file protein-v6.txt (compact mmCIF, C-alpha atoms (C1' of nucleotides))
# COMPACT_ATOMS: atom_id res chain seq x y z
CA MET A 76 -2.90 -26.54 -26.53
CA GLU A 77 -6.50 -27.50 -25.90
CA GLU A 78 -6.18 -25.86 -22.53
CA GLN A 79 -4.96 -22.61 -24.07
CA ILE A 80 -7.97 -22.52 -26.38
CA LEU A 81 -10.18 -23.00 -23.35
CA ILE A 82 -8.53 -20.06 -21.58
CA ASN A 83 -9.02 -17.87 -24.63
CA ASN A 84 -12.69 -18.79 -24.70
CA GLU A 85 -13.02 -17.90 -21.05
CA ILE A 86 -11.41 -14.53 -21.46
CA SER A 87 -13.51 -13.94 -24.54
CA GLN A 88 -16.40 -13.76 -22.10
CA LEU A 89 -15.03 -10.30 -21.46
CA ASN A 90 -16.33 -9.32 -24.86
CA LYS A 91 -19.83 -10.08 -23.68
CA ILE A 92 -19.42 -7.82 -20.71
CA ASP A 93 -19.97 -4.14 -20.84
CA ALA A 94 -16.62 -3.26 -19.30
CA ALA A 95 -17.58 0.33 -18.65
CA LYS A 96 -20.75 -0.68 -16.82
CA PHE A 97 -18.84 -3.26 -14.85
CA GLN A 98 -16.27 -0.66 -13.76
CA GLN A 99 -19.01 1.76 -12.82
CA ASP A 100 -20.93 -0.78 -10.74
CA LEU A 101 -17.78 -2.03 -9.04
CA ILE A 102 -16.19 1.33 -8.28
CA GLY A 103 -19.51 2.87 -7.27
CA TRP A 104 -19.98 0.12 -4.71
CA PHE A 105 -16.44 0.58 -3.43
CA GLU A 106 -16.92 4.33 -3.00
CA ALA A 107 -19.99 3.69 -0.88
CA GLU A 108 -18.98 0.60 1.09
CA GLN A 109 -15.19 0.56 1.50
CA ARG A 110 -13.86 0.02 4.99
CA ASP A 111 -12.16 2.85 6.83
CA LEU A 112 -8.60 1.52 7.00
CA PRO A 113 -5.51 3.37 8.28
CA TRP A 114 -3.56 2.95 5.04
CA ARG A 115 -6.38 4.57 3.09
CA LYS A 116 -5.91 7.97 4.76
CA ASP A 117 -3.60 9.13 1.98
CA GLN A 118 -1.66 7.75 -1.00
CA ASP A 119 1.85 8.11 0.38
CA PRO A 120 3.72 5.47 -1.67
CA TYR A 121 5.80 4.48 1.36
CA LYS A 122 2.74 3.84 3.53
CA VAL A 123 0.97 2.01 0.71
CA TRP A 124 4.09 -0.10 0.34
CA VAL A 125 4.31 -0.94 4.06
CA SER A 126 0.63 -1.86 4.18
CA GLU A 127 0.87 -4.12 1.13
CA ILE A 128 3.83 -6.02 2.56
CA MET A 129 2.07 -6.47 5.90
CA LEU A 130 -1.11 -7.62 4.19
CA GLN A 131 0.61 -10.44 2.33
CA GLN A 132 -1.09 -13.64 3.55
CA THR A 133 -2.25 -11.73 6.62
CA ARG A 134 -5.70 -10.61 7.74
CA VAL A 135 -6.67 -6.96 7.79
CA ASP A 136 -7.65 -7.05 11.47
CA THR A 137 -4.26 -8.49 12.36
CA VAL A 138 -2.36 -5.88 10.36
CA ILE A 139 -4.08 -2.72 11.65
CA PRO A 140 -2.28 -2.39 15.04
CA TYR A 141 1.06 -3.38 13.50
CA PHE A 142 0.64 -0.76 10.76
CA HIS A 143 -0.09 2.00 13.28
CA ASN A 144 2.92 1.11 15.41
CA PHE A 145 5.26 0.63 12.46
CA ILE A 146 4.41 3.97 10.86
CA GLU A 147 4.71 5.70 14.21
CA GLN A 148 8.19 4.25 14.70
CA PHE A 149 9.29 4.50 11.07
CA PRO A 150 7.19 7.27 9.48
CA THR A 151 9.31 7.77 6.36
CA ILE A 152 11.68 6.06 3.95
CA GLU A 153 14.48 7.90 5.70
CA ALA A 154 13.45 6.73 9.16
CA LEU A 155 13.22 3.08 8.15
CA SER A 156 16.51 3.30 6.25
CA ASN A 157 18.31 4.53 9.35
CA ALA A 158 16.69 2.12 11.81
CA ASP A 159 18.42 -0.87 13.39
CA GLU A 160 17.22 -4.18 12.00
CA GLU A 161 16.61 -5.33 15.58
CA LYS A 162 14.07 -2.53 16.02
CA VAL A 163 12.37 -3.42 12.76
CA LEU A 164 12.09 -7.08 13.68
CA LYS A 165 10.76 -6.11 17.11
CA ALA A 166 8.04 -4.07 15.40
CA TRP A 167 7.24 -7.13 13.28
CA GLU A 168 7.23 -9.54 16.24
CA GLY A 169 4.21 -11.84 16.07
CA LEU A 170 3.22 -10.84 12.53
CA GLY A 171 4.98 -13.79 10.88
CA TYR A 172 6.87 -14.22 7.62
CA TYR A 173 9.74 -12.23 9.06
CA SER A 174 11.74 -12.08 5.83
CA ARG A 175 9.11 -9.55 4.75
CA ALA A 176 10.45 -7.12 7.34
CA ARG A 177 14.10 -7.61 6.42
CA ASN A 178 13.36 -7.44 2.70
CA LEU A 179 11.27 -4.31 3.19
CA GLN A 180 14.01 -2.49 5.02
CA SER A 181 16.59 -3.64 2.46
CA ALA A 182 14.41 -2.38 -0.40
CA VAL A 183 13.62 0.88 1.37
CA ARG A 184 17.34 1.48 1.81
CA GLU A 185 17.79 0.90 -1.92
CA VAL A 186 15.08 3.45 -2.68
CA HIS A 187 16.69 5.87 -0.24
CA GLU A 188 20.08 5.59 -1.93
CA LYS A 189 19.35 4.78 -5.56
CA TYR A 190 16.09 6.67 -6.16
CA ASP A 191 16.62 9.68 -3.91
CA GLY A 192 14.06 8.34 -1.45
CA LYS A 193 11.26 8.27 -4.03
CA VAL A 194 9.46 4.96 -4.60
CA PRO A 195 9.87 4.25 -8.32
CA ASN A 196 6.72 4.40 -10.48
CA ASP A 197 8.18 2.23 -13.20
CA PRO A 198 7.00 -1.41 -13.28
CA LYS A 199 10.45 -2.84 -13.97
CA GLU A 200 12.19 -0.73 -11.35
CA ILE A 201 9.68 -1.32 -8.59
CA SER A 202 9.51 -5.04 -9.35
CA SER A 203 13.26 -5.32 -8.91
CA LEU A 204 12.99 -4.30 -5.25
CA LYS A 205 13.42 -7.09 -2.71
CA GLY A 206 10.11 -8.46 -1.52
CA VAL A 207 8.10 -6.70 -4.23
CA GLY A 208 6.51 -9.36 -6.44
CA PRO A 209 3.91 -9.04 -9.21
CA TYR A 210 1.01 -8.39 -6.85
CA THR A 211 2.72 -5.80 -4.66
CA ALA A 212 4.19 -3.97 -7.65
CA GLY A 213 0.75 -3.64 -9.22
CA ALA A 214 -0.82 -2.61 -5.93
CA ILE A 215 1.66 0.20 -5.29
CA LEU A 216 1.64 1.42 -8.89
CA SER A 217 -2.14 1.57 -9.08
CA ILE A 218 -2.95 2.78 -5.56
CA ALA A 219 -0.12 5.26 -5.04
CA TYR A 220 0.41 6.42 -8.63
CA GLY A 221 -2.84 5.71 -10.48
CA ILE A 222 -1.11 3.51 -13.04
CA PRO A 223 -3.39 0.85 -14.63
CA GLU A 224 -1.40 -2.25 -13.70
CA PRO A 225 -3.01 -5.50 -12.50
CA ALA A 226 -2.74 -6.35 -8.79
CA VAL A 227 -3.78 -9.98 -8.71
CA ASP A 228 -4.02 -11.54 -5.28
CA GLY A 229 -6.11 -14.42 -3.98
CA ASN A 230 -9.20 -12.24 -3.76
CA VAL A 231 -8.92 -11.11 -7.37
CA MET A 232 -8.45 -14.65 -8.62
CA ARG A 233 -11.48 -15.85 -6.67
CA VAL A 234 -13.69 -12.95 -7.79
CA LEU A 235 -12.69 -13.10 -11.44
CA SER A 236 -12.83 -16.87 -11.60
CA ARG A 237 -16.51 -16.52 -10.74
CA ILE A 238 -17.36 -13.48 -12.80
CA LEU A 239 -15.59 -14.77 -15.91
CA SER A 240 -16.03 -18.49 -15.19
CA ILE A 241 -12.32 -19.26 -15.24
CA TRP A 242 -11.65 -22.84 -14.21
CA GLU A 243 -7.88 -22.60 -13.89
CA ASP A 244 -6.39 -24.04 -10.68
CA ILE A 245 -5.56 -20.90 -8.70
CA ALA A 246 -3.13 -22.91 -6.53
CA LYS A 247 -0.79 -23.05 -9.53
CA ALA A 248 1.61 -20.16 -9.93
CA SER A 249 1.12 -20.19 -13.68
CA SER A 250 -2.56 -19.27 -13.31
CA ARG A 251 -1.84 -15.75 -12.14
CA LYS A 252 -0.98 -14.54 -15.63
CA VAL A 253 -4.39 -15.61 -16.91
CA PHE A 254 -6.02 -13.31 -14.37
CA GLU A 255 -3.56 -10.50 -15.06
CA GLU A 256 -4.57 -10.59 -18.71
CA ALA A 257 -8.21 -10.46 -17.69
CA VAL A 258 -7.56 -7.43 -15.48
CA ARG A 259 -5.72 -5.66 -18.29
CA LYS A 260 -8.84 -5.98 -20.42
CA LEU A 261 -11.19 -4.90 -17.65
CA ILE A 262 -9.36 -2.30 -15.60
CA SER A 263 -10.60 1.27 -15.38
CA HIS A 264 -8.05 3.69 -16.79
CA SER A 265 -9.70 6.64 -15.09
CA ASN A 266 -9.45 5.07 -11.63
CA PRO A 267 -7.22 2.00 -11.57
CA SER A 268 -6.64 2.45 -7.85
CA PHE A 269 -10.28 2.04 -6.88
CA PHE A 270 -10.78 -0.65 -9.51
CA ASN A 271 -8.05 -2.87 -8.05
CA GLN A 272 -8.98 -2.14 -4.46
CA ALA A 273 -12.64 -2.76 -5.21
CA LEU A 274 -11.94 -6.22 -6.62
CA MET A 275 -10.07 -7.11 -3.43
CA GLU A 276 -12.66 -5.49 -1.17
CA LEU A 277 -15.40 -7.39 -2.97
CA GLY A 278 -13.51 -10.62 -2.37
CA ALA A 279 -13.07 -9.78 1.31
CA LEU A 280 -16.64 -8.65 2.03
CA ILE A 281 -19.01 -10.21 -0.51
CA CYS A 282 -17.40 -12.74 -2.83
CA THR A 283 -15.98 -14.82 0.02
CA PRO A 284 -14.46 -18.31 -0.37
CA THR A 285 -17.43 -20.24 1.03
CA SER A 286 -21.03 -19.10 0.64
CA PRO A 287 -20.58 -15.77 -1.17
CA SER A 288 -23.28 -13.14 -0.61
CA CYS A 289 -24.40 -12.97 -4.20
CA LEU A 290 -27.65 -11.21 -3.36
CA LEU A 291 -25.65 -8.28 -2.00
CA CYS A 292 -23.16 -8.26 -4.86
CA PRO A 293 -22.96 -5.04 -6.90
CA VAL A 294 -21.76 -6.90 -9.99
CA ARG A 295 -23.85 -10.06 -9.91
CA GLU A 296 -25.52 -9.14 -13.18
CA HIS A 297 -22.05 -9.38 -14.72
CA CYS A 298 -21.25 -12.67 -13.01
CA HIS A 299 -21.14 -15.80 -15.12
CA ALA A 300 -20.98 -18.13 -12.10
CA PHE A 301 -24.03 -16.51 -10.48
CA HIS A 302 -26.06 -17.00 -13.65
CA GLU A 303 -24.89 -20.61 -13.97
CA GLY A 304 -25.20 -21.33 -10.24
CA THR A 305 -21.54 -22.36 -10.04
CA GLU A 306 -20.36 -19.73 -7.54
CA LYS A 307 -19.73 -22.40 -4.91
CA ASP A 308 -17.76 -24.54 -7.35
CA LEU A 309 -15.31 -21.74 -8.11
CA PRO A 310 -12.48 -21.07 -7.84
CA ILE A 311 -10.74 -24.36 -8.47
CA LYS A 312 -8.01 -24.75 -5.87
CA THR A 313 -6.12 -28.01 -5.33
CA LYS A 314 -5.46 -29.13 -1.79
CA THR A 315 -2.19 -28.64 -0.01
CA LYS A 316 -0.57 -31.76 1.36
CA LYS A 317 -0.20 -32.25 5.10
CA HIS A 318 3.06 -31.17 6.69
CA ARG A 319 5.65 -32.86 8.94
CA HIS A 320 6.19 -32.82 12.70
CA VAL A 321 9.43 -31.94 14.48
CA GLN A 322 10.21 -32.76 18.11
CA ILE A 323 12.04 -29.95 19.95
CA VAL A 324 13.50 -29.80 23.45
CA ALA A 325 14.10 -26.31 24.85
CA ALA A 326 15.09 -24.73 28.14
CA VAL A 327 14.78 -21.39 29.88
CA LEU A 328 18.19 -21.08 31.52
CA ARG A 329 19.32 -18.46 34.03
CA ASN A 330 22.69 -17.74 35.61
CA ASN A 331 23.34 -16.96 39.28
CA GLU A 332 22.32 -13.32 38.66
CA GLY A 333 18.97 -14.39 37.26
CA LYS A 334 19.88 -13.42 33.70
CA PHE A 335 18.40 -15.39 30.82
CA LEU A 336 20.46 -17.13 28.15
CA ILE A 337 19.11 -16.29 24.69
CA HIS A 338 20.30 -17.14 21.22
CA LYS A 339 19.86 -15.43 17.84
CA ARG A 340 18.76 -17.70 15.01
CA PRO A 341 20.70 -17.81 11.72
CA SER A 342 20.14 -15.15 9.07
CA LYS A 343 18.48 -17.60 6.68
CA GLY A 344 15.61 -20.02 6.97
CA LEU A 345 12.81 -20.35 9.47
CA LEU A 346 12.39 -17.38 11.84
CA ALA A 347 15.63 -15.91 10.55
CA ASN A 348 17.38 -13.45 12.90
CA LEU A 349 14.79 -13.89 15.63
CA TRP A 350 15.83 -14.71 19.20
CA GLU A 351 15.00 -17.91 21.06
CA PHE A 352 15.73 -19.98 24.13
CA PRO A 353 18.36 -22.71 23.73
CA ASN A 354 16.81 -25.70 21.99
CA VAL A 355 17.59 -28.64 19.77
CA GLU A 356 15.67 -31.00 17.57
CA VAL A 357 15.22 -34.41 19.17
CA LEU A 358 16.57 -36.82 16.58
CA LEU A 359 16.83 -39.83 18.88
CA PRO A 360 13.58 -40.07 20.84
CA HIS A 361 14.71 -43.14 22.73
CA ILE A 362 17.56 -41.24 24.39
CA ASN A 363 17.05 -38.86 27.33
CA GLU A 364 16.10 -35.54 25.75
CA LYS A 365 17.44 -33.50 28.66
CA GLU A 366 20.86 -35.04 28.10
CA GLN A 367 20.63 -34.32 24.39
CA LEU A 368 19.87 -30.67 25.05
CA LYS A 369 22.56 -30.38 27.69
CA ASP A 370 25.18 -31.87 25.38
CA ALA A 371 24.12 -29.71 22.43
CA VAL A 372 24.14 -26.48 24.44
CA LYS A 373 27.51 -27.36 25.92
CA GLU A 374 28.94 -28.00 22.48
CA LEU A 375 27.36 -25.05 20.65
CA PHE A 376 27.60 -22.35 23.29
CA LYS A 377 30.60 -23.49 25.33
CA THR A 378 28.51 -23.40 28.48
CA ASP A 379 27.99 -25.70 31.41
CA ILE A 380 24.32 -25.96 32.29
CA GLU A 381 21.92 -27.89 34.43
CA ILE A 382 18.40 -28.77 33.36
CA ASP A 383 15.70 -29.14 36.00
CA GLU A 384 11.99 -29.85 35.70
CA MET A 385 9.71 -29.57 32.70
CA ILE A 386 7.64 -26.38 32.59
CA GLY A 387 5.34 -27.23 29.73
CA GLN A 388 4.62 -28.92 26.43
CA ILE A 389 3.84 -26.71 23.47
CA GLU A 390 2.48 -27.54 20.05
CA HIS A 391 3.20 -24.79 17.56
CA VAL A 392 1.82 -25.03 14.03
CA PHE A 393 3.57 -23.34 11.11
CA SER A 394 2.44 -23.31 7.49
CA HIS A 395 4.57 -26.26 6.52
CA LEU A 396 5.49 -27.99 9.80
CA THR A 397 4.59 -28.43 13.45
CA TRP A 398 6.92 -28.08 16.42
CA ASN A 399 6.19 -30.23 19.45
CA ILE A 400 8.28 -28.54 22.14
CA ASN A 401 9.11 -29.99 25.54
CA ALA A 402 10.22 -27.00 27.61
CA TYR A 403 12.34 -27.17 30.76
CA LYS A 404 13.89 -24.72 33.17
CA GLY A 405 17.49 -24.78 34.38
CA GLN A 406 20.69 -22.97 35.23
CA VAL A 407 23.79 -21.63 33.52
CA HIS A 408 26.74 -22.51 35.74
CA PHE A 409 29.48 -21.24 33.50
CA MET A 410 29.68 -19.47 30.16
CA GLU A 411 32.91 -18.63 28.38
CA LYS A 412 31.70 -15.41 26.81
CA GLU A 413 28.75 -13.69 25.19
CA ALA A 414 28.60 -13.15 21.44
CA GLU A 415 26.56 -11.36 18.78
CA ASP A 416 24.19 -14.31 18.72
CA LEU A 417 24.44 -15.37 22.35
CA ARG A 418 23.47 -13.10 25.23
CA LEU A 419 22.75 -13.13 28.93
CA VAL A 420 19.99 -10.59 29.57
CA THR A 421 17.71 -9.46 32.35
CA ALA A 422 13.96 -9.88 32.08
CA GLU A 423 13.71 -6.16 31.35
CA GLU A 424 16.37 -6.24 28.65
CA MET A 425 14.73 -9.25 27.01
CA LYS A 426 11.75 -7.10 26.02
CA GLU A 427 13.88 -5.41 23.36
CA PHE A 428 14.54 -8.68 21.53
CA SER A 429 12.19 -10.17 18.95
CA PHE A 430 10.97 -13.67 19.72
CA SER A 431 8.77 -15.98 17.68
CA VAL A 432 5.38 -16.75 19.18
CA SER A 433 6.44 -20.30 20.05
CA HIS A 434 9.24 -18.99 22.26
CA GLN A 435 6.97 -16.36 23.77
CA LYS A 436 4.82 -19.32 24.80
CA ILE A 437 7.87 -20.97 26.39
CA LEU A 438 8.61 -17.81 28.37
CA GLN A 439 4.99 -17.66 29.47
CA GLN A 440 5.20 -21.24 30.73
CA PHE A 441 8.36 -20.34 32.64
CA ILE A 442 6.68 -17.33 34.28
CA GLU A 443 3.71 -19.46 35.32
CA SER A 444 6.02 -22.13 36.74
CA GLU A 445 7.78 -19.49 38.87
CA GLU A 446 4.47 -18.23 40.23
CA GLU A 447 3.55 -21.58 41.73
C1' DT B 1475 7.23 -26.37 -10.26
C1' DA B 1476 6.85 -27.25 -5.61
C1' DG B 1477 8.60 -26.30 -1.15
C1' DT B 1478 9.69 -22.72 2.22
C1' DC B 1479 8.24 -19.15 5.09
C1' DG B 1480 4.13 -17.51 10.51
C1' DT B 1481 0.23 -16.61 12.74
C1' DG B 1482 -4.49 -16.53 14.43
C1' DG B 1483 -9.29 -16.90 13.16
C1' DG B 1484 -13.29 -19.45 11.52
C1' DC B 1485 -16.10 -23.38 10.93
C1' DT C 205 -10.46 -31.04 16.38
C1' DG C 206 -8.29 -30.53 12.17
C1' DC C 207 -8.27 -28.21 8.34
C1' DC C 208 -8.37 -24.14 5.36
C1' DC C 209 -7.63 -19.95 5.05
C1' DA C 210 -5.59 -14.17 4.51
C1' DA C 211 -4.17 -8.14 0.08
C1' DG C 212 2.54 -13.51 -1.80
C1' DA C 213 7.55 -13.71 -2.54
C1' DC C 214 11.54 -16.33 -2.97
C1' DT C 215 14.27 -20.31 -4.35
call {"tool": "encode", "arguments": {"input": "protein-v6.txt", "output": "structure tokens"}}
result
Amino acid sequence: MEEQILINNEISQLNKIDAAKFQQDLIGWFEAEQRDLPWRKDQDPYKVWVSEIMLQQTRVDTVIPYFHNFIEQFPTIEALSNADEEKVLKAWEGLGYYSRARNLQSAVREVHEKYDGKVPNDPKEISSLKGVGPYTAGAILSIAYGIPEPAVDGNVMRVLSRILSIWEDIAKASSRKVFEEAVRKLISHSNPSFFNQALMELGALICTPTSPSCLLCPVREHCHAFHEGTEKDLPIKTKTKKHRHVQIVAAVLRNNEGKFLIHKRPSKGLLANLWEFPNVEVLLPHINEKEQLKDAVKELFKTDIEIDEMIGQIEHVFSHLTWNINAYKGQVHFMEKEAEDLRLVTAEEMKEFSFSVSHQKILQQFIESEEE
DNA sequence: TAGTCGTGGGC
DNA sequence: TGCCCAAGACT
């Protein structure tokens, strides 16, 4: 209750701001200083959509080449609807958070069938699409359709926490609505697209997490934190706890024709539907890990294999866990049959399959071991 | 609500 | 080096 009163007081700071002047300063800066990005060439709702999904938790510089390639391969709703999921995942390979790609294609297919290929401009309809949350819905609606909806991401929370002196913990999911209400009171109705993009651009270029460039800021005269000298104390963001470690033993296995044995991961969970080299979690570290892998592969894949020397040790860090992989090379002596999720492929054929970065590292270690 | 879900860059 | 981060969504 006391907290709610505090929030109301913070948002009441908006009353002290000349909203029109703020919009003018912010949008004027954006018009002059915005980066030249490939998804800003036009307002095609499909391309805006693709870019927003790719940009989730991902840096602009990382996204740019993926965006170019993806749009070249899948230029329209129709093209992505008709594509094989394998091709889509291959285009996403290395970008991370792979459920984004599968959800995007699923949602695009729904738009293709249910909305005659037109991305809905209704908040409820667009929010119902798989992978489209509150931020992405607002981003597409405002950028592609000029609809004054909030698009609150991490940038916007950081920027507005400083400008309005909001001391909510932005790590909490419940805080987002506080910032959405603030945006609703501040947003330009004549240019909601530039308003939302400008808040994010400001966060990316000026109002950065550590040591913001306040002296270059186009809206510093509107900024409560700048006037109070609290810009480095905001936003409040609680720490994330450290994650766990998992020991993995893996092997690059080839048959007498030199073909590689690869396996498709399950359709749910970590790295869903991506391909990998046979591997197993080491649950009993005191027992020979090569024997554990051999037994597991024999049981799971109905194969008889031999594991030879180690080719490398790889540490791969995810958001919430770390894999410590011991990688070996070996041979497939006998395999009952291939399956949808179990293939023997040539080195050339393997390029068509999507692998996580950790397994690309394993392959790289194998190649280097063969060169010696 | 808190955990899951990737990767590479920056300090 | 280890940590935090970067235009979040889902369960």
call {"tool": "atom_distance", "arguments": {"input": "protein-v6.txt", "atom1": "CA of Arg251 in chain A", "atom2": "CA of Gly169 in chain A"}}
result
29.1 Å
call {"tool": "atom_distance", "arguments": {"input": "protein-v6.txt", "atom1": "CA of Gly171 in chain A", "atom2": "CA of Ile389 in chain A"}}
result
18.1 Å
call {"tool": "residues_around", "arguments": {"input": "protein-v6.txt", "residues": "Tyr173 in chain A", "least_positions_apart": "6", "cutoff": "9 Å", "atoms": "only C-alpha atoms (C1' of nucleotides)", "output": "PyMOL selection string"}}
result
(chain A and resi 164+167+345-349) or (chain B and resi 1479-1480)
call {"tool": "residues_around", "arguments": {"input": "protein-v6.txt", "residues": "DG1482 in chain B", "least_positions_apart": "2", "cutoff": "12 Å", "atoms": "all atoms listed in the file", "output": "ChimeraX atom specification"}}
result
/A:132-138,169-171,391-394,432 /B:1480,1484 /C:209-210
call {"tool": "write_last_selection", "arguments": {"input": "protein-v6.txt", "atoms": "C-alpha atoms (C1' of nucleotides)", "output": "PDB file, keeping the file's coordinate frame"}}
result
ATOM      1  CA  GLN A 132      -1.090 -13.640   3.550  1.00  0.00           C
ATOM      2  CA  THR A 133      -2.250 -11.730   6.620  1.00  0.00           C
ATOM      3  CA  ARG A 134      -5.700 -10.610   7.740  1.00  0.00           C
ATOM      4  CA  VAL A 135      -6.670  -6.960   7.790  1.00  0.00           C
ATOM      5  CA  ASP A 136      -7.650  -7.050  11.470  1.00  0.00           C
ATOM      6  CA  THR A 137      -4.260  -8.490  12.360  1.00  0.00           C
ATOM      7  CA  VAL A 138      -2.360  -5.880  10.360  1.00  0.00           C
ATOM      8  CA  GLY A 169       4.210 -11.840  16.070  1.00  0.00           C
ATOM      9  CA  LEU A 170       3.220 -10.840  12.530  1.00  0.00           C
ATOM     10  CA  GLY A 171       4.980 -13.790  10.880  1.00  0.00           C
ATOM     11  CA  HIS A 391       3.200 -24.790  17.560  1.00  0.00           C
ATOM     12  CA  VAL A 392       1.820 -25.030  14.030  1.00  0.00           C
ATOM     13  CA  PHE A 393       3.570 -23.340  11.110  1.00  0.00           C
ATOM     14  CA  SER A 394       2.440 -23.310   7.490  1.00  0.00           C
ATOM     15  CA  VAL A 432       5.380 -16.750  19.180  1.00  0.00           C
TER      16      VAL A 432
ATOM     17  C1'  DG B1480       4.130 -17.510  10.510  1.00  0.00           C
ATOM     18  C1'  DG B1484     -13.290 -19.450  11.520  1.00  0.00           C
TER      19       DG B1484
ATOM     20  C1'  DC C 209      -7.630 -19.950   5.050  1.00  0.00           C
ATOM     21  C1'  DA C 210      -5.590 -14.170   4.510  1.00  0.00           C
TER      22       DA C 210
END
call {"tool": "atom_distance", "arguments": {"input": "protein-v6.txt", "atom1": "CA of Pro341 in chain A", "atom2": "CA of Asp416 in chain A"}}
result
8.6 Å
call {"tool": "closest_atom_pairs", "arguments": {"input": "protein-v6.txt", "of": "chain A", "to": "chain C", "cutoff": "7 Å", "atoms": "all atoms listed in the file", "output": "CSV"}}
result
residue,atom,partner,partner_atom,distance
A:Glu127,CA,C:DA211,C1',6.5
A:Leu130,CA,C:DA211,C1',5.2
A:Gln131,CA,C:DG212,C1',5.5
A:Gln132,CA,C:DA210,C1',4.6
A:Thr133,CA,C:DA210,C1',4.6
A:Arg134,CA,C:DA210,C1',4.8
A:Gly206,CA,C:DA213,C1',5.9
A:Gly208,CA,C:DA213,C1',5.9
A:Asp228,CA,C:DA211,C1',6.3
A:Met275,CA,C:DA211,C1',6.9
call {"tool": "closest_residue", "arguments": {"input": "protein-v6.txt", "among": "A:Lys316, A:Lys189, A:Lys260, A:Lys162", "to": "DA1476 in chain B", "atoms": "all atoms listed in the file"}}
result
A:Lys316
call {"tool": "build_atoms", "arguments": {"input": "protein-v6.txt", "residues": "range 378-394 of chain A", "atoms": "N, CA and C atoms", "output": "PDB file, keeping the file's coordinate frame"}}
result
ATOM      1  N   THR A 378      29.034 -23.686  27.161  1.00  0.00           N
ATOM      2  CA  THR A 378      28.510 -23.400  28.480  1.00  0.00           C
ATOM      3  C   THR A 378      28.328 -24.699  29.254  1.00  0.00           C
ATOM      4  N   ASP A 379      28.323 -24.568  30.564  1.00  0.00           N
ATOM      5  CA  ASP A 379      27.990 -25.700  31.410  1.00  0.00           C
ATOM      6  C   ASP A 379      26.650 -25.409  32.057  1.00  0.00           C
ATOM      7  N   ILE A 380      25.671 -26.235  31.800  1.00  0.00           N
ATOM      8  CA  ILE A 380      24.320 -25.960  32.290  1.00  0.00           C
ATOM      9  C   ILE A 380      23.763 -27.145  33.062  1.00  0.00           C
ATOM     10  N   GLU A 381      22.660 -26.846  33.740  1.00  0.00           N
ATOM     11  CA  GLU A 381      21.920 -27.890  34.430  1.00  0.00           C
ATOM     12  C   GLU A 381      20.455 -27.727  34.073  1.00  0.00           C
ATOM     13  N   ILE A 382      19.803 -28.838  33.741  1.00  0.00           N
ATOM     14  CA  ILE A 382      18.400 -28.770  33.360  1.00  0.00           C
ATOM     15  C   ILE A 382      17.548 -29.402  34.447  1.00  0.00           C
ATOM     16  N   ASP A 383      16.543 -28.662  34.922  1.00  0.00           N
ATOM     17  CA  ASP A 383      15.700 -29.140  36.000  1.00  0.00           C
ATOM     18  C   ASP A 383      14.372 -29.664  35.464  1.00  0.00           C
ATOM     19  N   GLU A 384      13.263 -29.228  36.066  1.00  0.00           N
ATOM     20  CA  GLU A 384      11.990 -29.850  35.700  1.00  0.00           C
ATOM     21  C   GLU A 384      11.351 -29.253  34.440  1.00  0.00           C
ATOM     22  N   MET A 385      10.458 -30.026  33.867  1.00  0.00           N
ATOM     23  CA  MET A 385       9.710 -29.570  32.700  1.00  0.00           C
ATOM     24  C   MET A 385       8.713 -28.477  33.120  1.00  0.00           C
ATOM     25  N   ILE A 386       8.589 -27.452  32.283  1.00  0.00           N
ATOM     26  CA  ILE A 386       7.640 -26.380  32.590  1.00  0.00           C
ATOM     27  C   ILE A 386       6.439 -26.378  31.645  1.00  0.00           C
ATOM     28  N   GLY A 387       6.502 -27.174  30.607  1.00  0.00           N
ATOM     29  CA  GLY A 387       5.340 -27.230  29.730  1.00  0.00           C
ATOM     30  C   GLY A 387       5.608 -27.948  28.426  1.00  0.00           C
ATOM     31  N   GLN A 388       4.533 -28.324  27.756  1.00  0.00           N
ATOM     32  CA  GLN A 388       4.620 -28.920  26.430  1.00  0.00           C
ATOM     33  C   GLN A 388       3.810 -28.053  25.480  1.00  0.00           C
ATOM     34  N   ILE A 389       4.448 -27.677  24.383  1.00  0.00           N
ATOM     35  CA  ILE A 389       3.840 -26.710  23.470  1.00  0.00           C
ATOM     36  C   ILE A 389       3.768 -27.295  22.065  1.00  0.00           C
ATOM     37  N   GLU A 390       2.599 -27.213  21.475  1.00  0.00           N
ATOM     38  CA  GLU A 390       2.480 -27.540  20.050  1.00  0.00           C
ATOM     39  C   GLU A 390       2.341 -26.246  19.282  1.00  0.00           C
ATOM     40  N   HIS A 391       3.259 -26.016  18.346  1.00  0.00           N
ATOM     41  CA  HIS A 391       3.200 -24.790  17.560  1.00  0.00           C
ATOM     42  C   HIS A 391       3.131 -25.128  16.075  1.00  0.00           C
ATOM     43  N   VAL A 392       2.077 -24.664  15.420  1.00  0.00           N
ATOM     44  CA  VAL A 392       1.820 -25.030  14.030  1.00  0.00           C
ATOM     45  C   VAL A 392       2.271 -23.920  13.092  1.00  0.00           C
ATOM     46  N   PHE A 393       3.163 -24.244  12.188  1.00  0.00           N
ATOM     47  CA  PHE A 393       3.570 -23.340  11.110  1.00  0.00           C
ATOM     48  C   PHE A 393       2.805 -23.717   9.843  1.00  0.00           C
ATOM     49  N   SER A 394       3.087 -22.980   8.767  1.00  0.00           N
ATOM     50  CA  SER A 394       2.440 -23.310   7.490  1.00  0.00           C
ATOM     51  C   SER A 394       2.807 -24.709   7.037  1.00  0.00           C
TER      52      SER A 394
END
